[in-house]
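Just target_6.cif here, mmCIF, C-alpha atoms:
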data_input
loop_
_atom_site.label_atom_id
_atom_site.label_comp_id
_atom_site.auth_asym_id
_atom_site.auth_seq_id
_atom_site.Cartn_x
_atom_site.Cartn_y
_atom_site.Cartn_z
CA MET O 22 214.43 29.40 135.89
CA PRO O 23 210.74 30.45 135.63
CA SER O 24 209.85 33.54 137.62
CA GLY O 25 208.12 33.10 140.95
CA LEU O 26 210.06 30.01 142.02
CA ILE O 27 211.65 29.99 145.46
CA GLU O 28 215.42 30.30 145.46
CA VAL O 29 217.41 29.63 148.63
CA GLY O 30 220.93 28.71 149.58
CA ALA O 31 222.90 31.14 147.41
CA GLU O 32 224.70 32.35 150.53
CA PHE O 33 226.15 28.86 150.98
CA ALA O 34 227.72 28.62 147.51
CA THR O 35 231.17 28.51 149.14
CA GLY O 36 232.48 27.54 152.55
CA GLY O 37 232.14 24.56 154.88
CA ALA O 38 229.09 22.60 153.80
CA GLU O 39 229.50 19.94 156.49
CA GLY O 40 229.10 22.42 159.31
CA GLU O 41 226.09 24.01 157.63
CA LEU O 42 224.50 20.59 157.11
CA ALA O 43 224.91 19.68 160.77
CA VAL O 44 223.17 22.90 161.79
CA LEU O 45 220.38 22.32 159.27
CA ARG O 46 219.80 18.72 160.42
CA GLU O 47 219.42 19.99 163.97
CA ARG O 48 216.94 22.65 162.84
CA ILE O 49 214.89 20.03 161.01
CA ALA O 50 214.99 17.71 164.02
CA ARG O 51 213.73 20.47 166.31
CA ALA O 52 211.03 21.43 163.83
CA GLN O 53 209.87 17.81 163.71
CA VAL O 54 209.52 17.79 167.50
CA ALA O 55 207.18 20.76 167.23
CA GLN O 56 205.34 19.13 164.33
CA VAL O 57 204.72 15.90 166.23
CA GLY O 58 203.55 17.83 169.26
CA ALA O 59 201.15 19.88 167.17
CA GLY O 60 199.89 16.87 165.25
CA GLY O 61 200.91 18.50 161.98
CA ARG O 62 201.30 16.74 158.67
CA ALA O 63 204.08 17.27 156.12
CA ILE O 64 204.89 16.06 152.62
CA ILE O 65 208.39 16.42 151.17
CA VAL O 66 208.76 15.76 147.44
CA LEU O 67 212.14 15.11 145.83
CA GLU O 68 212.05 15.23 142.02
CA GLY O 69 214.73 15.11 139.34
CA LEU O 70 216.58 12.77 137.03
CA GLU O 71 218.86 9.99 138.27
CA GLY O 72 222.21 11.48 139.24
CA SER O 73 220.73 14.73 140.55
CA LEU O 74 221.48 14.09 144.27
CA LYS O 75 217.94 13.17 145.39
CA LEU O 76 219.26 10.15 147.28
CA ALA O 77 221.99 12.19 148.99
CA VAL O 78 219.36 14.64 150.23
CA ALA O 79 217.08 11.81 151.34
CA LYS O 80 219.94 10.41 153.43
CA GLN O 81 220.51 13.81 155.05
CA LEU O 82 216.81 14.02 155.90
CA ALA O 83 216.85 10.48 157.27
CA ALA O 84 219.70 11.49 159.58
CA ALA O 85 217.69 14.46 160.84
CA LEU O 86 214.22 12.95 161.24
CA ASP O 87 212.87 10.62 163.90
CA PRO O 88 211.98 7.51 161.84
CA ARG O 89 209.02 6.71 164.09
CA PHE O 90 207.18 9.68 162.63
CA ALA O 91 208.38 9.57 159.00
CA ALA O 92 207.91 7.29 156.00
CA THR O 93 209.73 7.20 152.66
CA HIS O 94 207.99 6.29 149.42
CA SER O 95 209.89 5.47 146.23
CA VAL O 96 207.49 6.06 143.34
CA SER O 97 207.77 4.23 140.02
CA PRO O 98 205.87 4.86 136.77
CA ASP O 99 202.18 3.96 136.90
CA ARG O 100 201.50 0.98 134.65
CA ARG O 101 197.96 0.24 135.79
CA ARG O 102 195.13 0.09 133.34
CA ALA O 103 192.53 2.85 133.35
CA GLY O 104 189.94 0.46 134.75
CA GLU O 105 191.98 0.03 137.94
CA GLY O 106 191.01 3.48 139.21
CA HIS O 107 192.12 7.09 138.98
CA TRP O 108 195.87 7.50 138.60
CA LEU O 109 196.10 9.53 141.83
CA ALA O 110 194.37 6.83 143.88
CA ARG O 111 197.59 5.13 144.93
CA PHE O 112 198.91 8.34 146.49
CA TRP O 113 195.88 8.88 148.70
CA ARG O 114 196.76 5.64 150.52
CA ASP O 115 200.19 6.95 151.53
CA LEU O 116 199.31 10.43 152.75
CA PRO O 117 200.73 11.24 156.22
CA ALA O 118 198.61 10.94 159.34
CA ARG O 119 198.68 13.47 162.20
CA GLY O 120 202.21 14.14 163.40
CA ARG O 121 203.77 12.32 160.45
CA ILE O 122 206.02 13.19 157.51
CA ALA O 123 205.84 11.49 154.11
CA LEU O 124 208.99 11.75 151.98
CA TYR O 125 208.50 10.99 148.29
CA MET O 126 211.41 9.98 146.05
CA HIS O 127 209.57 10.91 142.87
CA SER O 128 205.84 11.41 143.26
CA TRP O 129 202.63 12.15 141.38
CA TYR O 130 204.82 14.28 139.10
CA HIS O 131 205.82 11.06 137.34
CA ARG O 132 202.63 11.55 135.32
CA VAL O 133 203.74 14.82 133.75
CA LEU O 134 207.48 14.10 133.59
CA GLU O 135 208.72 10.52 133.14
CA ASP O 136 205.38 9.07 132.01
CA ARG O 137 204.97 11.87 129.48
CA VAL O 138 208.51 11.52 128.12
CA LEU O 139 208.34 7.71 127.92
CA GLY O 140 204.94 7.71 126.26
CA LEU O 141 203.26 5.95 129.19
CA ALA O 142 200.60 8.68 129.36
CA ALA O 143 198.70 10.10 126.40
CA GLU O 144 198.93 13.84 125.73
CA ALA O 145 195.34 14.41 126.82
CA ASP O 146 196.06 12.54 130.08
CA TRP O 147 199.23 14.36 131.10
CA ASN O 148 197.76 17.69 130.05
CA ARG O 149 194.77 17.12 132.33
CA ALA O 150 197.06 15.83 135.08
CA HIS O 151 198.54 19.29 135.71
CA ASP O 152 195.17 20.59 136.93
CA GLU O 153 194.48 17.38 138.83
CA ILE O 154 197.81 17.74 140.65
CA ASN O 155 197.06 21.33 141.63
CA GLU O 156 193.66 20.29 142.99
CA PHE O 157 195.21 17.33 144.84
CA GLU O 158 197.87 19.49 146.50
CA SER O 159 195.34 22.22 147.30
CA GLN O 160 193.21 19.65 149.12
CA GLN O 161 196.21 18.60 151.20
CA ARG O 162 197.01 22.19 152.18
CA ASP O 163 193.34 22.84 153.01
CA HIS O 164 193.63 19.85 155.33
CA GLY O 165 196.59 21.49 157.07
CA THR O 166 199.41 19.54 155.39
CA LEU O 167 202.71 21.29 154.71
CA ILE O 168 204.02 20.57 151.19
CA VAL O 169 207.71 21.07 150.40
CA LYS O 170 208.70 20.37 146.78
CA LEU O 171 212.33 20.21 145.66
CA MET O 172 213.31 19.88 142.00
CA PHE O 173 216.96 18.92 141.46
CA HIS O 174 218.43 20.25 138.22
CA VAL O 175 221.77 18.92 136.98
CA THR O 176 223.63 19.55 133.75
CA GLU O 177 223.86 16.54 131.45
CA ALA O 178 227.64 16.16 131.56
CA VAL O 179 227.65 16.05 135.37
CA ARG O 180 224.72 13.65 135.45
CA ILE O 181 226.26 11.18 133.01
CA ARG O 182 229.55 11.26 134.93
CA ARG O 183 227.78 10.51 138.20
CA LEU O 184 225.84 7.63 136.69
CA ALA O 185 229.10 6.16 135.36
CA GLU O 186 230.66 6.45 138.81
CA ILE O 187 227.67 4.67 140.36
CA GLU O 188 227.91 1.92 137.74
CA ALA O 189 231.62 1.41 138.54
CA ASP O 190 231.12 1.34 142.33
CA GLU O 191 230.49 -2.21 143.56
CA LEU O 192 228.98 -0.92 146.80
CA ALA O 193 226.62 1.58 145.20
CA MET O 194 222.96 0.77 144.75
CA ALA O 195 221.95 0.65 141.10
CA PRO O 196 219.68 3.49 139.91
CA THR O 197 216.02 2.56 140.04
CA GLY O 198 214.65 5.02 137.48
CA PRO O 199 213.70 4.08 133.90
CA ALA O 200 216.73 2.90 131.91
CA GLU O 201 215.70 5.09 128.98
CA LEU O 202 216.30 8.20 131.10
CA ARG O 203 219.81 7.18 132.15
CA THR O 204 221.11 8.19 128.73
CA SER O 205 221.06 11.57 127.01
CA GLU O 206 218.67 10.75 124.16
CA LEU O 207 215.53 11.90 125.97
CA ARG O 208 217.05 14.78 127.94
CA ALA O 209 215.64 17.47 125.63
CA ALA O 210 212.15 15.96 125.88
CA TYR O 211 212.49 15.76 129.68
CA ASP O 212 213.61 19.39 129.93
CA GLU O 213 210.61 20.44 127.83
CA ALA O 214 208.25 18.51 130.10
CA LEU O 215 209.98 19.97 133.17
CA ALA O 216 209.61 23.56 131.97
CA HIS O 217 205.92 22.94 131.26
CA MET O 218 205.40 21.38 134.69
CA LEU O 219 207.14 24.23 136.54
CA ALA O 220 204.94 26.72 134.72
CA GLN O 221 201.76 24.80 135.52
CA ASN O 222 202.39 23.48 139.04
CA ASN O 223 204.24 26.22 140.90
CA MET O 224 201.33 27.31 143.08
CA ARG O 225 201.33 29.59 146.13
CA TRP O 226 200.13 26.72 148.35
CA SER O 227 202.79 24.32 147.02
CA PRO O 228 205.70 26.23 145.41
CA TRP O 229 208.77 24.58 143.95
CA THR O 230 212.32 25.13 145.11
CA VAL O 231 214.70 24.44 142.21
CA VAL O 232 218.08 23.15 143.42
CA ASP O 233 221.22 23.51 141.30
CA ALA O 234 222.58 20.01 141.80
CA ASP O 235 225.90 20.25 139.96
CA LYS O 236 227.90 20.84 143.17
CA PRO O 237 226.98 18.47 146.02
CA GLY O 238 227.84 20.68 148.99
CA PRO O 239 225.82 23.74 148.02
CA ALA O 240 223.01 21.56 146.65
CA LEU O 241 222.59 19.68 149.92
CA VAL O 242 222.62 22.92 151.91
CA THR O 243 220.08 24.51 149.56
CA ALA O 244 217.72 21.54 149.86
CA LEU O 245 217.95 21.22 153.64
CA THR O 246 217.57 24.97 154.06
CA ALA O 247 214.29 24.87 152.14
CA VAL O 248 213.00 22.02 154.31
CA ALA O 249 214.13 23.61 157.57
CA ARG O 250 212.60 27.00 156.75
CA ALA O 251 209.30 25.52 155.65
CA MET O 252 208.97 23.31 158.73
CA GLU O 253 209.97 26.09 161.12
CA GLN O 254 207.44 28.46 159.60
CA ALA O 255 204.69 25.85 159.68
CA PHE O 256 205.30 24.32 163.11
CA VAL O 257 207.90 25.96 165.34
CA ALA O 258 206.09 29.29 165.43
CA ARG O 259 202.97 27.54 166.75
CA PRO O 260 204.10 25.07 169.45
CA PRO O 261 201.24 23.17 171.14
CA ALA O 262 200.13 24.60 174.49
CA GLY O 263 201.55 22.68 177.42
CA GLN O 264 203.83 20.50 175.27
CA GLY O 265 206.58 22.90 174.28
CA SER O 266 209.04 21.69 176.89
CA ALA O 267 208.16 18.02 177.35
CA LEU O 268 208.76 16.89 173.78
CA PRO O 269 212.20 18.51 173.39
CA MET O 270 213.30 16.95 176.68
CA ARG O 271 212.30 13.51 175.43
CA ARG O 272 214.21 14.22 172.23
CA MET O 273 217.34 15.21 174.12
CA ARG O 274 217.17 12.08 176.28
CA ALA O 275 216.85 9.94 173.15
CA LYS O 276 219.99 11.55 171.73
CA ALA O 277 221.86 10.84 174.94
CA ASP O 278 220.88 7.19 174.75
#
Would you mind giving the structure from this file in structure tokens?
Amino acid sequence: MPSGLIEVGAEFATGGAEGELAVLRERIARAQVAQVGAGGRAIIVLEGLEGSLKLAVAKQLAAALDPRFAATHSVSPDRRRAGEGHWLARFWRDLPARGRIALYMHSWYHRVLEDRVLGLAAEADWNRAHDEINEFESQQRDHGTLIVKLMFHVTEAVRIRRLAEIEADELAMAPTGPAELRTSELRAAYDEALAHMLAQNNMRWSPWTVVDADKPGPALVTALTAVARAMEQAFVARPPAGQGSALPMRRMRAKAD
């Protein structure tokens, strides 16, 4: 793991993950109450190959967050022509408004990961994209938006096993990522692109948390811990004047209903 990346959750490597997850969901829910009251904005990015538990974490976050103030975006590779506008243009349309959270299942990092590996972006384009991403995220933080970025890393044997289990499960949703990346042929190229991206886009205003996704329990706890800590630091410590008690009471009544 490159130096400087945030590491959390090691203390939860063993023990009862379900109890920890319940506590973390409650922390995130309370932090969202403070966020809405303060009119804060937040972006949560989930990145990683299919089979790396992104969906499981997204479901945990969905259970914690009030859906009235959150939106989920599932991002696919960009196949527009250059004449249709800058490649980041589509993401500007989905940025969160005041008091809102935007959760991205994949994101603008498609450009320097999947698009690079699949040859959908030329070398000059994905090389330039690293700086463009840093500028884009810096603009969001300058505008007061919290950015939480989680990269889920899974070993290839575990990933292939999970994909096979999904394929055999009649009730499971089929993976939506590129079919070429559901096999092992391009894994080395993806890992190379990933290492390059982590070196280029791990900035102080938008650091990465790398999650070891081989074991579901610890991985879920690690991911939710990162989200809870970031939201608490950004919003709970600065509750809006005169609203600190009213919003939690409304939240508690909603739970009772």
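The two atoms in question, CA of Phe256 (chain O) and CA of Phe173 (chain O), are spaced 25.2 Å apart.
Residue nearest Val54 (chain O) within the list O:Gly69, O:Gly120, O:Pro237, O:Pro196: O:Gly120 [criterion: smallest interatomic distance, all atoms listed in the file].
Applied to this file, the PyMOL selection byres ((chain O and resi 202) around 9) selects the residues Leu70, Glu71, Glu135, Val138, Leu139, Gly198, Pro199, Ala200, Glu201, Arg203, Thr204, Ser205, Glu206, Leu207, Arg208 and Tyr211 of chain O.
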Name the residues in contact with Glu177 (chain O) at a cut-off of 10 Å, using only C-alpha atoms, excluding same-chain residues fewer than 2 positions from it; report them as a PDB file with C-alpha atoms, in the coordinates of the input.
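Output file around17.pdb follows:
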ATOM      1  CA  LEU O  70     216.580  12.770 137.030  1.00  0.00           C
ATOM      2  CA  GLY O  72     222.210  11.480 139.240  1.00  0.00           C
ATOM      3  CA  SER O  73     220.730  14.730 140.550  1.00  0.00           C
ATOM      4  CA  HIS O 174     218.430  20.250 138.220  1.00  0.00           C
ATOM      5  CA  VAL O 175     221.770  18.920 136.980  1.00  0.00           C
ATOM      6  CA  VAL O 179     227.650  16.050 135.370  1.00  0.00           C
ATOM      7  CA  ARG O 180     224.720  13.650 135.450  1.00  0.00           C
ATOM      8  CA  ILE O 181     226.260  11.180 133.010  1.00  0.00           C
ATOM      9  CA  ARG O 182     229.550  11.260 134.930  1.00  0.00           C
ATOM     10  CA  ARG O 183     227.780  10.510 138.200  1.00  0.00           C
ATOM     11  CA  THR O 204     221.110   8.190 128.730  1.00  0.00           C
ATOM     12  CA  SER O 205     221.060  11.570 127.010  1.00  0.00           C
ATOM     13  CA  ARG O 208     217.050  14.780 127.940  1.00  0.00           C
ATOM     14  CA  ASP O 235     225.900  20.250 139.960  1.00  0.00           C
TER      15      ASP O 235
END
- Item | Pick from O:Ala92, O:Ala244, O:Leu42, O:Ala185, whichever lies nearest to Ala118 (chain O) using only C-alpha atoms | O:Ala92
- Message: Would you compute the distance between CA of Gly106 (chain O) and CA of His217 (chain O)? Give it in Å to one decimal.
- Response: 25.8 Å
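Put simply, CA of Met194 (chain O) is 22.9 Å away from CA of Val232 (chain O).
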- Where does the PyMOL selection byres ((chain O and resi 140) around 12) land in this file, that is, which residues does it pick, as a ChimeraX atom specification? /O:98-100,131-139,141-147,201,207,210-211,214
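Residue selection for this entry, given the PyMOL selection byres ((chain O and resi 123) around 6), comprises O:Ile64, O:Ala91, O:Ala92, O:Thr93, O:Pro117, O:Ile122, O:Leu124.
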- Message: For Thr166 (chain O), find every residue with an atom within 10 Å (counting only C-alpha atoms), except residues of its own chain fewer than 2 positions away, and show them as a PyMOL selection string.
- Response: chain O and resi 61-64+116-119+121-122+158-164+168-169+255
With 6 Å of padding per side, what axis-aligned box (centre and edge lengths, Å, one decimal) covers all the listed atoms of region 178-193 of chain O? Give it as lines of an AutoDock Vina configuration file.
center_x = 228.2
center_y = 7.0
center_z = 139.2
size_x = 18.9
size_y = 30.4
size_z = 27.2
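A search radius of 12 Å centred on (214.9, 10.0, 161.9), applied to only C-alpha atoms, returns the residues Arg46, Glu47, Ile49, Ala50, Arg51, Gln53, Val54, Ala79, Lys80, Gln81, Leu82, Ala83, Ala84, Ala85, Leu86, Asp87, Pro88, Arg89, Phe90, Ala91, Ala92, Thr93, Arg121, Ile122, Leu124, Arg272, Ala275 and Lys276 of chain O.
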- Compare O:Leu215, O:Ala240, O:Val231, O:Ala38 by their minimum atom-to-atom distance to Leu74 (chain O), counting all atoms listed in the file, and give me the closest one. O:Ala240
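In terms of minimum interatomic distance to Ala150 (chain O), O:Asn222 ranks closest within O:Ser95, O:Gln254, O:Gln56, O:Asn222, counting only C-alpha atoms.
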- Task: Fewer than 2 positions away in the same chain doesn't count, so skip those; otherwise give me all residues within 10 Å of His94 (chain O), counting all atoms listed in the file, as a VMD selection string.
- Result: chain O and resid 66 92 96 to 97 112 115 123 to 128
Suppose we keep C-alpha atoms; can you now write the selection as a PDB file, in the coordinates of the input?
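Wrote again.pdb, looks like this:
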ATOM      1  CA  VAL O  66     208.760  15.760 147.440  1.00  0.00           C
ATOM      2  CA  ALA O  92     207.910   7.290 156.000  1.00  0.00           C
ATOM      3  CA  VAL O  96     207.490   6.060 143.340  1.00  0.00           C
ATOM      4  CA  SER O  97     207.770   4.230 140.020  1.00  0.00           C
ATOM      5  CA  PHE O 112     198.910   8.340 146.490  1.00  0.00           C
ATOM      6  CA  ASP O 115     200.190   6.950 151.530  1.00  0.00           C
ATOM      7  CA  ALA O 123     205.840  11.490 154.110  1.00  0.00           C
ATOM      8  CA  LEU O 124     208.990  11.750 151.980  1.00  0.00           C
ATOM      9  CA  TYR O 125     208.500  10.990 148.290  1.00  0.00           C
ATOM     10  CA  MET O 126     211.410   9.980 146.050  1.00  0.00           C
ATOM     11  CA  HIS O 127     209.570  10.910 142.870  1.00  0.00           C
ATOM     12  CA  SER O 128     205.840  11.410 143.260  1.00  0.00           C
TER      13      SER O 128
END
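Distance check against Asn148 (chain O) using all atoms listed in the file: of O:Ile65, O:Trp129, O:Arg114, O:Gln221, the minimum falls on O:Gln221.
Among O:Val257, O:Met172, O:Leu219, O:Leu109, the residue with the shortest atom-to-atom distance to Glu156 (chain O), counting only C-alpha atoms, is O:Leu109.
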